[in-house]
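Working notes for the structure below.
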Amino acid sequence: LRPSSLQSSDMKIRPVLQPSPQTPVVDGLAFILAWTYDRLDQDTVLKKLRSSINKLIESGACERAYFGKSRYRENFNILLGGGSKALVQIGAVDSIRQKGGIRIECNPAKFAGGDAQQIHRVMRGLIGRREYNELMRRPLLNVFHAAVDIHHAALNRMLVRYDNGQRMSVMAKRVGKGGFIEGYNFGSVSSDYETTAYNKRQELVHAAILAIAQSGSSGFNDDPLKANKIKQLKRVLGGPEIVRVEVRGKKMRGLPLWKLSQQTNRFARFHFADLSARCAELEPLIEKSFLAMCRQDGVKAALEVFKHTDHARKVHAFWRSHQAAWWKPEELWQQACDALRDTRMFPPEAFEPPGSQVEQPYKKRRRVR
């Protein structure tokens, strides 16, 4: 067989796969519970809770969480079966300004079966089933991260544009004489939202290697846990390339859950140019210059540079013709909201506006002795 026939045969067996966006997941969550004490003495309440928390820590169900400076008087982690943790903070220093006396932070994307129920069991045991269930009917969002993984996609084969972004930073890691883009961040550090597109597969590889390194120097055959981590690494290395697109609501400012779906769909602000598609072409030097500017200063700035040149029409045609047909963001934000429902962290009524349910404020009457 000739080399050309081998190449042709190989291409038929292993075709180039089109990028495929997956269903959104909730990759970060923090919420406030409007826990108040009425006339009860706060120190007395916290003293009782502190005793219960210490018992949970002694039993191995929880562990202490340490912060240099915390706005809450009690901080601990609930250890979950899937290997992740849920941070619980109780006793707000200023419960009115902080909009509640309890804050819970977790990553539902890392949940295993029963993890949400484990959080509920611990919290019901601490503050009481009835009161906790009532509080969970009206949680206030503090942080909400929604993520979409695009399988069979690589940033070095695409351009990324984000509308309404005031600032863009590019993270690059050099390899030899060349280099490749690891990710794009849009939004300033102080903004309420940050959006990003990055190489998720590379992150998974780093995480798998770190887990192996942290598991010690025992032999693989003697350590089933380490052997499993090796299998996970092989699975990642043999899996598809992945680009993750993430909308990070860093300051949700006590947003009621039922208002989440009404927020701006920031996934729709992303635009991707698929460079692997056969579309309009540019002269090699012009194409190389345009791509370099896009990756350094952003697509908008690059198009502006070429606006008053002889190549303006062709450059715009190049950008438009490579628009990714597989990126359909219209329903992604609603799907992310649905994914939050599916975590089973909150009861169905938490997602309904006040007018659609009978809200009976619950007040704690039992005195703490």
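We label chains A, B, ... in the order they appear in the structure tokens, count residues from 1 in each chain, and number ligands from 1 in the order shown.
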
Would you mind writing down, as a PyMOL selection string, each residue of segment 281-324 of chain A that DSSP on the backbone assigns to helix (DSSP H, G or I)? chain A and resi 284-297+299-306+312-321

Store the residues of this selection in a file with C-alpha atoms, as a short mmCIF file (atom, residue, chain, number, x, y, z; two decimals), in the first residue's frame.
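The resulting file, result_4.cif, is shown below:
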```cif
data_model
loop_
_atom_site.label_atom_id
_atom_site.label_comp_id
_atom_site.auth_asym_id
_atom_site.auth_seq_id
_atom_site.Cartn_x
_atom_site.Cartn_y
_atom_site.Cartn_z
CA PRO A 284 -0.89 33.25 4.92
CA LEU A 285 0.79 36.39 6.29
CA ILE A 286 -2.50 38.25 6.77
CA GLU A 287 -4.11 35.21 8.42
CA LYS A 288 -1.18 34.74 10.78
CA SER A 289 -1.25 38.43 11.73
CA PHE A 290 -5.01 38.45 12.28
CA LEU A 291 -4.96 35.31 14.44
CA ALA A 292 -2.07 36.64 16.53
CA MET A 293 -3.90 39.93 17.16
CA CYS A 294 -7.11 38.11 18.07
CA ARG A 295 -5.31 36.00 20.66
CA GLN A 296 -3.30 38.89 22.04
CA ASP A 297 -5.79 41.78 22.06
CA VAL A 299 -11.23 39.71 18.18
CA LYS A 300 -12.92 43.11 18.42
CA ALA A 301 -9.58 44.94 18.60
CA ALA A 302 -8.13 42.86 15.74
CA LEU A 303 -11.08 43.61 13.45
CA GLU A 304 -10.74 47.30 14.30
CA VAL A 305 -7.05 47.28 13.29
CA PHE A 306 -7.91 45.86 9.85
CA ALA A 312 -10.81 44.70 5.78
CA ARG A 313 -13.47 42.98 3.67
CA LYS A 314 -11.60 39.67 3.46
CA VAL A 315 -10.75 39.66 7.16
CA HIS A 316 -14.40 40.23 8.12
CA ALA A 317 -15.47 37.52 5.67
CA PHE A 318 -12.91 35.16 7.26
CA TRP A 319 -14.31 35.83 10.75
CA ARG A 320 -17.96 35.53 9.70
CA SER A 321 -17.52 32.38 7.63
#
```

Residues within 12 Å of Gly91 of chain A, please, as a VMD selection string. Count only C-alpha atoms; anything in the same chain fewer than 3 positions from it doesn't count. chain A and resid 32 to 37 41 to 47 49 to 50 70 to 76 88 94 to 96 98 to 104

Output C-alpha atoms of each residue in that selection to a file, as a compact mmCIF listing (two decimals), in the first residue's frame.
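So selection_33.txt came out as:
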```
# COMPACT_ATOMS: atom_id res chain seq x y z
CA ILE A 32 -27.32 32.38 52.50
CA LEU A 33 -30.05 31.23 54.87
CA ALA A 34 -31.92 34.00 56.69
CA TRP A 35 -31.39 32.42 60.10
CA THR A 36 -32.29 34.84 62.92
CA TYR A 37 -32.60 34.47 66.65
CA ASP A 41 -29.21 35.23 73.16
CA GLN A 42 -26.81 34.62 70.24
CA ASP A 43 -23.96 33.42 72.42
CA THR A 44 -26.19 30.82 74.06
CA VAL A 45 -27.36 29.51 70.69
CA LEU A 46 -23.83 29.31 69.31
CA LYS A 47 -22.58 27.58 72.46
CA LEU A 49 -24.27 24.56 68.23
CA ARG A 50 -20.53 24.53 68.93
CA SER A 70 -13.98 35.23 58.73
CA ARG A 71 -17.29 37.08 58.85
CA TYR A 72 -18.78 34.06 60.63
CA ARG A 73 -18.11 32.75 64.13
CA GLU A 74 -18.23 29.03 63.27
CA ASN A 75 -16.64 27.53 60.14
CA PHE A 76 -16.51 23.82 59.30
CA VAL A 88 -20.74 25.73 56.37
CA ASP A 94 -23.53 41.21 60.98
CA SER A 95 -26.53 39.07 60.07
CA ILE A 96 -28.53 42.02 58.69
CA GLN A 98 -24.83 39.71 55.42
CA LYS A 99 -28.53 38.90 54.83
CA GLY A 100 -28.53 35.82 57.01
CA GLY A 101 -26.79 33.92 59.78
CA ILE A 102 -25.81 30.79 57.77
CA ARG A 103 -23.76 30.46 54.61
CA ILE A 104 -23.25 27.15 52.74
```

Considering only C-alpha atoms, can you say which of A:Asn142, A:Asn156, A:Ser356, A:Gln262 comes closest to Arg248 of chain A?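 Of all the options, A:Asn142 lies closest to Arg248 of chain A.
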
For Glu241 of chain A, find every residue with an atom within 8 Å (counting only C-alpha atoms), except residues of its own chain fewer than 3 positions away, and show them as a VMD selection string. chain A and resid 151 to 154 200 to 201

Keeping only C-alpha atoms, write the selected residues to a file as a PDB file, in the first residue's frame.
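Everything below was put into result_20.pdb:
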```
ATOM      1  CA  HIS A 151     -15.964  17.975  23.685  1.00  0.00           C
ATOM      2  CA  HIS A 152     -13.574  17.574  20.726  1.00  0.00           C
ATOM      3  CA  ALA A 153     -12.665  21.279  20.903  1.00  0.00           C
ATOM      4  CA  ALA A 154      -9.283  22.970  21.364  1.00  0.00           C
ATOM      5  CA  LYS A 200     -10.503  21.704  30.730  1.00  0.00           C
ATOM      6  CA  ARG A 201      -8.664  18.555  29.654  1.00  0.00           C
TER       7      ARG A 201
END
```

Quick one: residues within 12 Å of segment 111-121 of chain A, only C-alpha atoms, excluding same-chain residues fewer than 3 positions away - as an NGL selection string? :A and (25-29 or 56 or 61-62 or 77-88 or 104-108 or 124-133 or 135-136 or 340-347)

I'd like the contact shell of Val247 of chain A - 6 Å cut-off, only C-alpha atoms, skipping same-chain residues fewer than 3 positions apart - returned as number ranges by chain. A: 145-146, 195

Using only C-alpha atoms, determine which residues lie at most 8 Å from Arg161 of chain A, disregarding the query and same-chain residues fewer than 6 positions distant; provide the list as a PyMOL selection string. chain A and resi 269-272+298-300

Which is closest to Lys250 of chain A among A:Tyr184, A:Leu141, A:Asp163, A:Gln323, if we use only C-alpha atoms?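 Of A:Tyr184, A:Leu141, A:Asp163, A:Gln323, the one nearest Lys250 of chain A is A:Leu141, counting only C-alpha atoms.
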
Running DSSP on the backbone, which parts of segment 24-216 of chain A land in strand (DSSP E), as a PyMOL selection string? chain A and resi 25-33+62-64+72-79+85-92+102-106+140-151+158-162+168-175+178-186+193-199

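Here the question is which of A:Ala147, A:Val189, A:Ala92, A:Ala325 gets nearest to Lys251 of chain A using only C-alpha atoms, and that residue is A:Val189.
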